[in-house]
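Trainee: Have a peek at input18.cif (mmCIF, C-alpha atoms and all ligand atoms).
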```cif
data_upload
#
loop_
_atom_site.label_atom_id
_atom_site.label_comp_id
_atom_site.auth_asym_id
_atom_site.auth_seq_id
_atom_site.Cartn_x
_atom_site.Cartn_y
_atom_site.Cartn_z
CA MET A 1 37.46 166.51 147.37
CA LEU A 2 37.01 166.80 151.15
CA GLY A 3 33.70 165.41 152.33
CA LEU A 4 32.91 163.55 149.14
CA THR A 5 31.88 159.95 149.31
CA MET A 6 34.16 157.56 147.48
CA LYS A 7 31.31 156.69 145.16
CA LYS A 8 30.80 160.29 144.10
CA ALA A 9 34.53 160.83 143.69
CA MET A 10 34.72 157.78 141.44
CA GLY A 11 31.81 159.06 139.36
CA GLU A 12 33.46 162.43 138.85
CA LEU A 13 36.81 160.85 138.12
CA ALA A 14 35.21 158.66 135.46
CA LEU A 15 33.63 161.71 133.85
CA ILE A 16 36.91 163.63 133.85
CA GLU A 17 38.54 160.60 132.26
CA GLN A 18 35.78 160.66 129.66
CA ILE A 19 36.41 164.33 128.85
CA ARG A 20 40.12 163.51 128.65
CA ALA A 21 39.43 160.58 126.33
CA GLU A 22 37.22 162.78 124.17
CA SER A 23 39.84 165.48 123.95
CA SER A 24 41.56 165.40 120.64
CA ALA A 25 44.31 167.96 120.99
CA PRO A 26 46.29 167.53 117.81
CA ARG A 27 50.06 167.38 118.16
CA GLY A 28 52.71 168.71 115.87
CA ARG A 29 54.09 172.01 114.77
CA MET A 30 50.88 173.30 113.22
CA SER A 31 48.76 172.75 116.31
CA ASN A 32 47.40 175.76 118.19
CA ILE A 33 47.24 173.65 121.35
CA VAL A 34 50.58 173.61 123.13
CA LEU A 35 49.16 171.72 126.12
CA GLY A 36 45.72 170.10 126.37
CA ILE A 37 43.99 168.18 129.15
CA GLY A 38 46.17 166.91 131.99
CA ASP A 39 47.56 170.04 133.63
CA ASP A 40 45.98 172.88 135.57
CA CYS A 41 45.45 174.92 132.41
CA ALA A 42 45.54 174.37 128.69
CA ILE A 43 48.12 176.38 126.75
CA LEU A 44 47.09 177.77 123.37
CA ARG A 45 49.13 179.51 120.72
CA PRO A 46 47.01 181.61 118.35
CA PRO A 47 48.27 181.98 114.78
CA ARG A 48 50.71 184.85 114.27
CA GLY A 49 48.99 188.18 113.66
CA HIS A 50 45.65 186.92 114.98
CA GLU A 51 43.46 188.04 117.88
CA VAL A 52 41.73 185.59 120.23
CA LEU A 53 37.92 185.58 120.47
CA VAL A 54 36.09 184.01 123.42
CA THR A 55 32.44 183.08 123.89
CA THR A 56 30.59 181.09 126.54
CA ASP A 57 27.14 179.47 126.45
CA PHE A 58 25.00 177.65 128.99
CA THR A 59 23.06 174.56 128.01
CA LEU A 60 20.51 173.97 130.76
CA GLU A 61 17.96 171.18 130.84
CA GLY A 62 14.44 172.60 130.90
CA ARG A 63 15.68 175.89 129.51
CA HIS A 64 17.58 174.97 126.34
CA PHE A 65 16.55 171.36 125.86
CA ARG A 66 14.27 168.67 127.19
CA ARG A 67 15.57 165.18 127.78
CA ASP A 68 12.26 163.74 126.52
CA TRP A 69 12.40 165.73 123.26
CA HIS A 70 16.10 166.09 122.44
CA PRO A 71 18.20 162.92 122.00
CA PRO A 72 21.48 163.08 123.97
CA GLU A 73 23.49 163.39 120.73
CA SER A 74 21.47 166.50 119.89
CA VAL A 75 22.14 168.05 123.31
CA GLY A 76 25.91 167.54 122.85
CA HIS A 77 25.77 168.84 119.27
CA ARG A 78 23.75 171.92 120.21
CA ALA A 79 25.94 172.78 123.21
CA LEU A 80 28.92 173.05 120.87
CA ALA A 81 26.95 174.52 117.95
CA ARG A 82 25.87 177.54 119.99
CA GLY A 83 29.46 178.56 120.70
CA LEU A 84 30.65 177.77 117.18
CA SER A 85 27.86 179.92 115.75
CA ASP A 86 29.08 182.89 117.81
CA LEU A 87 32.58 182.39 116.36
CA ALA A 88 31.05 182.11 112.86
CA ALA A 89 29.21 185.41 113.35
CA MET A 90 32.53 187.17 113.90
CA GLY A 91 34.35 185.35 111.12
CA ALA A 92 36.62 183.49 113.54
CA ARG A 93 38.25 180.09 113.15
CA PRO A 94 37.78 177.81 116.20
CA LEU A 95 40.90 177.18 118.29
CA ALA A 96 39.60 175.06 121.17
CA ALA A 97 36.49 174.16 123.17
CA PHE A 98 36.20 173.70 126.95
CA LEU A 99 33.25 171.85 128.43
CA SER A 100 31.92 171.97 131.99
CA LEU A 101 29.29 169.29 132.51
CA ALA A 102 27.16 168.60 135.59
CA PRO A 103 24.87 165.59 135.23
CA PRO A 104 22.45 164.93 138.09
CA ARG A 105 23.62 162.55 140.85
CA GLU A 106 21.34 159.70 139.78
CA MET A 107 22.54 159.82 136.17
CA MET A 108 26.10 158.71 136.96
CA ARG A 109 24.76 155.87 139.10
CA THR A 110 22.77 154.04 136.43
CA ALA A 111 23.80 152.35 133.20
CA ALA A 112 21.08 154.27 131.34
CA GLY A 113 22.35 157.54 132.76
CA ARG A 114 25.95 156.82 131.81
CA ARG A 115 24.74 155.85 128.34
CA TRP A 116 23.07 159.27 128.09
CA VAL A 117 26.42 160.93 128.84
CA ASP A 118 28.18 158.69 126.28
CA ARG A 119 25.66 159.67 123.63
CA PHE A 120 25.97 163.37 124.59
CA PHE A 121 29.71 163.10 123.86
CA LEU A 122 29.00 161.22 120.62
CA GLY A 123 26.99 164.19 119.31
CA LEU A 124 29.49 166.75 120.58
CA ARG A 125 32.45 164.86 119.13
CA ALA A 126 30.84 164.47 115.69
CA LEU A 127 30.37 168.24 115.36
CA ALA A 128 33.80 168.94 116.87
CA LYS A 129 35.32 166.73 114.18
CA THR A 130 33.50 168.31 111.24
CA SER A 131 34.29 171.78 112.64
CA ALA A 132 37.95 170.89 113.34
CA VAL A 133 37.77 172.12 116.94
CA PRO A 134 39.55 170.14 119.68
CA LEU A 135 38.05 169.72 123.14
CA ALA A 136 41.00 170.97 125.17
CA GLY A 137 39.71 170.84 128.73
CA GLY A 138 36.76 170.87 131.04
CA ASP A 139 35.35 170.35 134.49
CA THR A 140 32.69 168.19 135.99
CA ALA A 141 30.49 168.15 139.08
CA GLU A 142 27.24 166.62 140.24
CA SER A 143 24.23 168.77 139.46
CA PRO A 144 22.27 169.18 142.68
CA SER A 145 19.10 170.09 140.79
CA GLY A 146 18.21 166.83 139.06
CA HIS A 147 18.80 168.62 135.75
CA VAL A 148 21.73 168.28 133.33
CA LEU A 149 23.74 171.53 133.29
CA ALA A 150 26.50 172.25 130.78
CA ASP A 151 28.60 175.25 129.92
CA ILE A 152 30.83 175.48 126.91
CA VAL A 153 33.63 177.96 126.28
CA LEU A 154 34.84 178.44 122.72
CA LEU A 155 38.04 180.17 121.72
CA GLY A 156 38.66 181.24 118.16
CA SER A 157 41.04 183.43 116.24
CA ALA A 158 40.74 186.04 113.51
CA PRO A 159 43.29 188.23 111.74
CA ALA A 160 43.94 191.26 113.96
CA GLY A 161 41.32 193.97 113.46
CA ARG A 162 39.31 191.90 110.96
CA ALA A 163 36.70 190.14 113.14
CA LEU A 164 33.12 191.04 112.11
CA ARG A 165 31.19 193.11 114.65
CA ARG A 166 27.56 194.03 115.12
CA SER A 167 28.46 197.71 115.05
CA GLY A 168 29.83 198.08 111.51
CA GLY A 169 26.53 198.52 109.62
CA ARG A 170 25.79 201.81 107.81
CA PRO A 171 22.60 203.28 106.30
CA GLY A 172 22.17 201.94 102.77
CA ASP A 173 23.93 198.64 103.48
CA ALA A 174 22.19 195.57 102.07
CA LEU A 175 21.06 192.91 104.57
CA TYR A 176 21.57 189.21 103.91
CA VAL A 177 20.88 185.91 105.66
CA THR A 178 22.43 182.48 105.14
CA GLY A 179 20.34 179.34 104.62
CA ALA A 180 16.67 179.33 105.62
CA LEU A 181 14.75 180.56 108.66
CA GLY A 182 12.11 179.06 110.93
CA GLY A 183 13.18 175.43 110.60
CA ALA A 184 14.37 175.07 114.20
CA ALA A 185 11.07 176.33 115.62
CA ALA A 186 9.10 174.16 113.21
CA GLU A 187 11.01 171.03 114.22
CA LEU A 188 10.52 171.90 117.89
CA ALA A 189 6.77 172.04 117.30
CA LEU A 190 6.99 168.62 115.62
CA LEU A 191 9.03 167.19 118.52
CA GLU A 192 6.27 168.30 120.84
CA ARG A 193 4.01 165.86 119.03
CA THR A 194 6.45 163.06 118.15
CA PRO A 195 9.06 161.91 120.65
CA SER A 196 12.61 162.00 119.35
CA SER A 197 12.98 158.30 120.27
CA LYS A 198 11.17 157.61 116.99
CA LEU A 199 13.91 159.35 114.99
CA GLY A 200 16.06 156.24 114.62
CA LYS A 201 19.84 156.09 114.56
CA PHE A 202 21.86 159.23 115.24
CA ALA A 203 22.71 161.11 112.10
CA ALA A 204 23.21 164.86 112.29
CA SER A 205 21.88 166.42 109.11
CA GLN A 206 20.53 169.59 107.57
CA SER A 207 17.04 168.11 107.74
CA HIS A 208 17.04 168.51 111.56
CA PRO A 209 17.40 172.28 112.03
CA GLN A 210 16.32 172.09 115.69
CA LEU A 211 18.24 168.98 116.75
CA TYR A 212 21.39 169.47 114.65
CA PRO A 213 21.81 173.13 113.59
CA GLN A 214 24.84 173.71 111.35
CA PRO A 215 27.03 176.64 112.50
CA ARG A 216 28.08 178.74 109.50
CA LEU A 217 31.81 178.79 110.23
CA ALA A 218 32.91 178.56 106.59
CA VAL A 219 30.59 181.43 105.61
CA GLY A 220 31.96 183.65 108.40
CA LEU A 221 35.53 182.89 107.31
CA ALA A 222 34.67 183.67 103.68
CA LEU A 223 33.05 187.00 104.65
CA VAL A 224 36.26 188.06 106.39
CA ARG A 225 38.66 186.65 103.80
CA ARG A 226 36.80 188.29 100.90
CA ASN A 227 36.04 191.47 102.85
CA LEU A 228 32.33 191.20 102.00
CA ALA A 229 30.54 192.30 105.19
CA THR A 230 30.36 195.45 107.31
CA ALA A 231 28.53 193.84 110.27
CA ALA A 232 27.24 190.42 111.30
CA ILE A 233 25.39 188.52 114.04
CA ASP A 234 24.22 184.92 114.34
CA LEU A 235 20.49 184.19 114.56
CA SER A 236 20.23 182.49 117.93
CA ASP A 237 17.25 184.40 119.30
CA GLY A 238 15.29 184.98 116.07
CA LEU A 239 15.58 187.47 113.22
CA SER A 240 13.39 190.14 114.88
CA THR A 241 15.51 190.14 118.06
CA ASP A 242 18.96 189.68 116.52
CA LEU A 243 18.31 192.28 113.81
CA ALA A 244 17.37 194.72 116.59
CA HIS A 245 20.74 193.97 118.27
CA LEU A 246 22.65 194.63 115.04
CA CYS A 247 20.68 197.83 114.35
CA HIS A 248 21.17 199.07 117.91
CA GLU A 249 24.93 198.48 117.80
CA SER A 250 25.23 200.03 114.32
CA ASN A 251 22.91 202.92 115.24
CA VAL A 252 20.69 202.33 112.20
CA GLY A 253 17.17 201.10 111.36
CA ALA A 254 16.15 198.50 108.80
CA GLU A 255 13.55 197.58 106.21
CA ILE A 256 12.93 193.88 105.66
CA SER A 257 11.05 192.55 102.62
CA THR A 258 8.64 189.85 103.83
CA PRO A 259 8.38 188.08 100.43
CA ALA A 260 12.18 187.92 100.24
CA LEU A 261 12.57 185.92 103.48
CA PRO A 262 13.92 182.40 102.84
CA ILE A 263 11.53 180.29 104.91
CA HIS A 264 12.65 176.75 105.79
CA LEU A 265 10.75 174.01 103.96
CA LEU A 266 10.01 172.27 107.27
CA ALA A 267 8.23 175.41 108.52
CA GLN A 268 6.28 175.80 105.28
CA GLN A 269 5.17 172.18 105.42
CA ALA A 270 4.53 171.80 109.17
CA VAL A 271 2.10 174.67 109.77
CA PRO A 272 2.02 177.14 106.84
CA ALA A 273 0.06 179.69 108.89
CA ARG A 274 2.87 179.87 111.46
CA ALA A 275 5.83 179.72 109.06
CA LEU A 276 6.39 183.51 108.83
CA ASP A 277 6.17 183.90 112.61
CA TRP A 278 8.70 181.08 113.07
CA ALA A 279 11.04 182.66 110.51
CA LEU A 280 10.87 186.07 112.21
CA ASN A 281 10.68 185.07 115.87
CA GLY A 282 11.43 181.36 116.20
CA GLY A 283 15.13 181.51 117.03
CA GLU A 284 17.80 178.80 117.21
CA ASP A 285 18.31 178.70 113.43
CA TYR A 286 21.99 179.65 113.92
CA GLU A 287 22.12 181.20 110.46
CA LEU A 288 24.12 184.41 109.94
CA LEU A 289 22.58 187.85 109.40
CA PHE A 290 25.04 190.29 107.86
CA ALA A 291 25.25 193.68 106.20
CA ALA A 292 27.30 194.64 103.15
CA ARG A 293 27.94 197.84 101.25
CA PRO A 294 25.39 198.21 98.41
CA THR A 295 28.21 198.26 95.85
CA ILE A 296 29.36 194.74 96.80
CA ARG A 297 28.37 192.03 94.33
CA MET A 298 27.28 189.31 96.73
CA PRO A 299 27.63 185.70 95.49
CA SER A 300 24.42 183.63 95.59
CA THR A 301 26.19 181.03 97.72
CA LEU A 302 29.16 181.14 100.10
CA ALA A 303 30.86 177.90 101.14
CA GLY A 304 27.94 176.07 99.55
CA VAL A 305 25.33 177.91 101.67
CA PRO A 306 22.62 179.99 99.92
CA ILE A 307 22.83 183.74 100.59
CA THR A 308 19.59 185.75 100.37
CA ARG A 309 19.14 189.51 100.34
CA ILE A 310 16.29 190.33 102.74
CA GLY A 311 16.43 194.10 103.17
CA THR A 312 18.36 197.30 103.74
CA LEU A 313 19.75 199.26 106.68
CA THR A 314 18.19 202.72 107.00
CA ARG A 315 18.91 206.05 108.61
CA THR A 316 15.81 205.84 110.84
CA SER A 317 15.73 204.13 114.23
CA THR A 318 12.78 201.89 113.27
CA ILE A 319 12.72 198.34 111.97
CA SER A 320 9.96 197.68 109.44
CA LEU A 321 8.57 194.77 107.48
CA ILE A 322 7.50 195.59 103.93
CA ASP A 323 4.81 193.16 102.74
CA ALA A 324 4.11 191.96 99.18
CA ARG A 325 1.86 194.99 98.54
CA GLY A 326 4.50 197.43 99.69
CA ARG A 327 2.82 198.22 103.01
CA SER A 328 5.06 198.85 106.00
CA HIS A 329 4.58 197.19 109.41
CA PRO A 330 6.73 197.71 112.50
CA LEU A 331 8.81 194.64 113.43
CA LYS A 332 9.14 194.30 117.18
CA PRO A 333 11.66 191.94 118.82
CA GLY A 334 9.62 188.82 119.56
CA GLY A 335 12.34 186.22 119.72
CA TRP A 336 13.10 183.15 121.54
CA GLN A 337 11.23 182.24 124.68
CA HIS A 338 12.19 178.59 124.66
CA PHE A 339 10.54 176.63 127.40
CA ALA A 340 10.61 179.52 129.85
CA ASN A 341 6.92 180.30 129.64
CA ARG A 342 5.65 177.13 128.16
CA HIS A 343 6.96 174.02 129.80
CA THR A 344 8.99 174.59 132.92
MG MG A 401 25.55 185.21 119.06
#
```
Please rewrite the model in this file as structure tokens.
Mentor:
Amino acid sequence: MLGLTMKKAMGELALIEQIRAESSAPRGRMSNIVLGIGDDCAILRPPRGHEVLVTTDFTLEGRHFRRDWHPPESVGHRALARGLSDLAAMGARPLAAFLSLAPPREMMRTAAGRRWVDRFFLGLRALAKTSAVPLAGGDTAESPSGHVLADIVLLGSAPAGRALRRSGGRPGDALYVTGALGGAAAELALLERTPSSKLGKFAASQSHPQLYPQPRLAVGLALVRRNLATAAIDLSDGLSTDLAHLCHESNVGAEISTPALPIHLLAQQAVPARALDWALNGGEDYELLFAARPTIRMPSTLAGVPITRIGTLTRTSTISLIDARGRSHPLKPGGWQHFANRHT
């Protein structure tokens, strides 16, 4: 703390206290958290016979969200959702989340700024509760850039040797996605026109695929428990990009049926001419893409989420789209650019 002004130190202390207050480490014999916030480290105890999975994700203002488009609750929700979606993709159950948050200097000095941080935690806490993941620690500092910077670390557990990987796909496997695609990009396009301040009271729901994406934790757990999938990835960067990752790691190609793609209603309604592009390349849908042996009888829903067959893994190294007339078109990775080229 050497060299800090008292005012800054107080601001940081208040934020650490806030993270501590938000932490919800459950106590009791069943808890995986032996020690939560308050010491130099947290102590976790994974379930017997399980492996620990770790993922980390930045949430950077101007790169992953805009304060004038995304309400603070959405920024908190999305920061956690990104990590939870990675756990879902591997069929892991969340153990604990760790948040590092750096608001800009001026934010902690105004009532409006502190209210923004409160609302950020409101969104994060709501998703943490529904996902049964405790916030077990964190760090805070002043962002020198004038932008909000956050980093979240998620730990999860899966039965030893059972976590789903990108590399397990084989030629002939059927390809499936959860939910619907393109909704997050469609809502982003709508937010560009209508400020989020007109959205009204905070209520995370399925009808806000951009602001409040729903990580498919229960689907990932069901895939592992029922031994349904050979490979999986979450759709953070867009189907075209994430499918290329899965194919690369599995050393296969793929054929996708364009008419089979489940396109989000919001995308179909917002700009029908862009809906397919959003579904293929939009990103941030946080649905799961997974492969399964062709002999598996896949249920039409898992954990209440629709499951749609969209294609097949192939022996080639190419990824193709097959249109309604049976014509083949190459599908190039064209995923998620976010605001990188557009707004900042
Ligand atoms: Mg991922």
Trainee: Would you work out the distance separating atom CA of A:Pro213 from atom CA of A:Leu280, expressed in Å to one decimal?
Mentor: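 Result for atom CA of A:Pro213 versus atom CA of A:Leu280: 17.0 Å, one decimal.
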Trainee: Take atom CA of A:Ala279 and atom CA of A:Ser207 and report the distance between them in Å, one decimal.
Mentor: 16.0 Å
Trainee: Which residues, written as a list in words, have at least one atom at most 7 Å from stretch 294-298 of chain A, with all atoms listed in the file counted and residues fewer than 3 positions away on the same chain left out?
Mentor: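 Within the cut-off, the hits are Gly172, Asp173, Ala174 and Leu228 of chain A.
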Trainee: Atom CA of A:Val75 to atom CA of A:Val54: how many Å, to one decimal?
Mentor: 21.2 Å
Trainee: Would you write out, as a tab-separated table, a table of all residues in chain A that have an atom no more than 12 Å from an atom of ligand MG 401 (chain A), listing for each the closest atom pair and the distance in Å to one decimal, considering all atoms listed in the file and ordering rows by chain and rising residue number?
Mentor:
```
residue	atom	partner	partner_atom	distance
A:Val54	CA	A:MG401	MG	11.5
A:Thr55	CA	A:MG401	MG	8.7
A:Thr56	CA	A:MG401	MG	9.9
A:Asp57	CA	A:MG401	MG	9.5
A:Ala81	CA	A:MG401	MG	10.8
A:Arg82	CA	A:MG401	MG	7.7
A:Gly83	CA	A:MG401	MG	7.9
A:Leu84	CA	A:MG401	MG	9.2
A:Ser85	CA	A:MG401	MG	6.7
A:Asp86	CA	A:MG401	MG	4.4
A:Leu87	CA	A:MG401	MG	8.0
A:Ala88	CA	A:MG401	MG	8.8
A:Ala89	CA	A:MG401	MG	6.8
A:Met90	CA	A:MG401	MG	8.9
A:Gly91	CA	A:MG401	MG	11.9
A:Leu164	CA	A:MG401	MG	11.8
A:Arg165	CA	A:MG401	MG	10.7
A:Arg166	CA	A:MG401	MG	9.9
A:Pro215	CA	A:MG401	MG	10.9
A:Arg216	CA	A:MG401	MG	11.8
A:Ala232	CA	A:MG401	MG	9.5
A:Ile233	CA	A:MG401	MG	6.0
A:Asp234	CA	A:MG401	MG	4.9
A:Leu235	CA	A:MG401	MG	6.8
A:Ser236	CA	A:MG401	MG	6.1
A:Asp237	CA	A:MG401	MG	8.3
A:Gly238	CA	A:MG401	MG	10.7
A:Leu239	CA	A:MG401	MG	11.8
A:Thr241	CA	A:MG401	MG	11.2
A:Asp242	CA	A:MG401	MG	8.4
A:Leu243	CA	A:MG401	MG	11.4
A:His245	CA	A:MG401	MG	10.0
A:Leu246	CA	A:MG401	MG	10.6
A:Gly283	CA	A:MG401	MG	11.2
A:Glu284	CA	A:MG401	MG	10.2
A:Asp285	CA	A:MG401	MG	11.2
A:Tyr286	CA	A:MG401	MG	8.4
A:Glu287	CA	A:MG401	MG	10.1
A:Leu288	CA	A:MG401	MG	9.3
A:Leu289	CA	A:MG401	MG	10.4
```
Trainee: Choose the residue, out of A:Thr140, A:Phe121, A:Leu155, A:Arg67, that has the smallest atom-to-atom separation from A:Arg45; count only C-alpha atoms.
Mentor: A:Leu155
Trainee: Nearest to A:Pro262 among A:Val177, A:Pro209, A:Thr316, A:Arg193, with distances taken over only C-alpha atoms: which residue is it?
Mentor: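 Nearest candidate to A:Pro262 out of A:Val177, A:Pro209, A:Thr316, A:Arg193: A:Val177.
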Trainee: Under the rule that all atoms listed in the file are counted, which of A:His248, A:His264, A:His50, A:Lys332 is the nearest residue to A:Gly169?
Mentor: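 Nearest to A:Gly169: A:His248.
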Trainee: Fewer than 6 positions away in the same chain doesn't count, so skip those; otherwise give me all residues within 9 Å of A:Thr318, counting only C-alpha atoms, as a short mmCIF file (atom, residue, chain, number, x, y, z; two decimals) with C-alpha atoms, in the coordinates of the input.
Mentor:
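Full text of out.cif as output:
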```cif
data_model
loop_
_atom_site.label_atom_id
_atom_site.label_comp_id
_atom_site.auth_asym_id
_atom_site.auth_seq_id
_atom_site.Cartn_x
_atom_site.Cartn_y
_atom_site.Cartn_z
CA CYS A 247 20.68 197.83 114.35
CA VAL A 252 20.69 202.33 112.20
CA GLY A 253 17.17 201.10 111.36
CA ALA A 254 16.15 198.50 108.80
CA GLU A 255 13.55 197.58 106.21
CA PRO A 330 6.73 197.71 112.50
CA LEU A 331 8.81 194.64 113.43
#
```
Trainee: Taking all atoms listed in the file into account, which of A:Leu276, A:Val148, A:Ala324, A:Leu265 comes nearest A:Glu106?
Mentor: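 Smallest distance to A:Glu106 is found for A:Val148.
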Trainee: Please write as a list in words the list of polymer residues whose atoms come within 8 Å of (48.9, 191.3, 113.6), counting all atoms listed in the file and keeping to the coordinates of the file.
Mentor: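 Returned residue set, sorted by chain then number, is Arg48, Gly49, His50, Glu51, Pro159 and Ala160 of chain A.
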Trainee: Kindly indicate which residue among A:Thr130, A:Thr314, A:Asn251, A:Thr301 lies nearest to A:Gly168, using all atoms listed in the file for the distances.
Mentor: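 Of the candidates, the smallest distance to A:Gly168 is held by A:Asn251.
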Trainee: Ranking A:Leu302, A:Ala132, A:Ala42, A:Leu211 by minimum distance to A:Pro71 and counting all atoms listed in the file, which one comes first?
Mentor: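 Smallest distance to A:Pro71 is found for A:Leu211.
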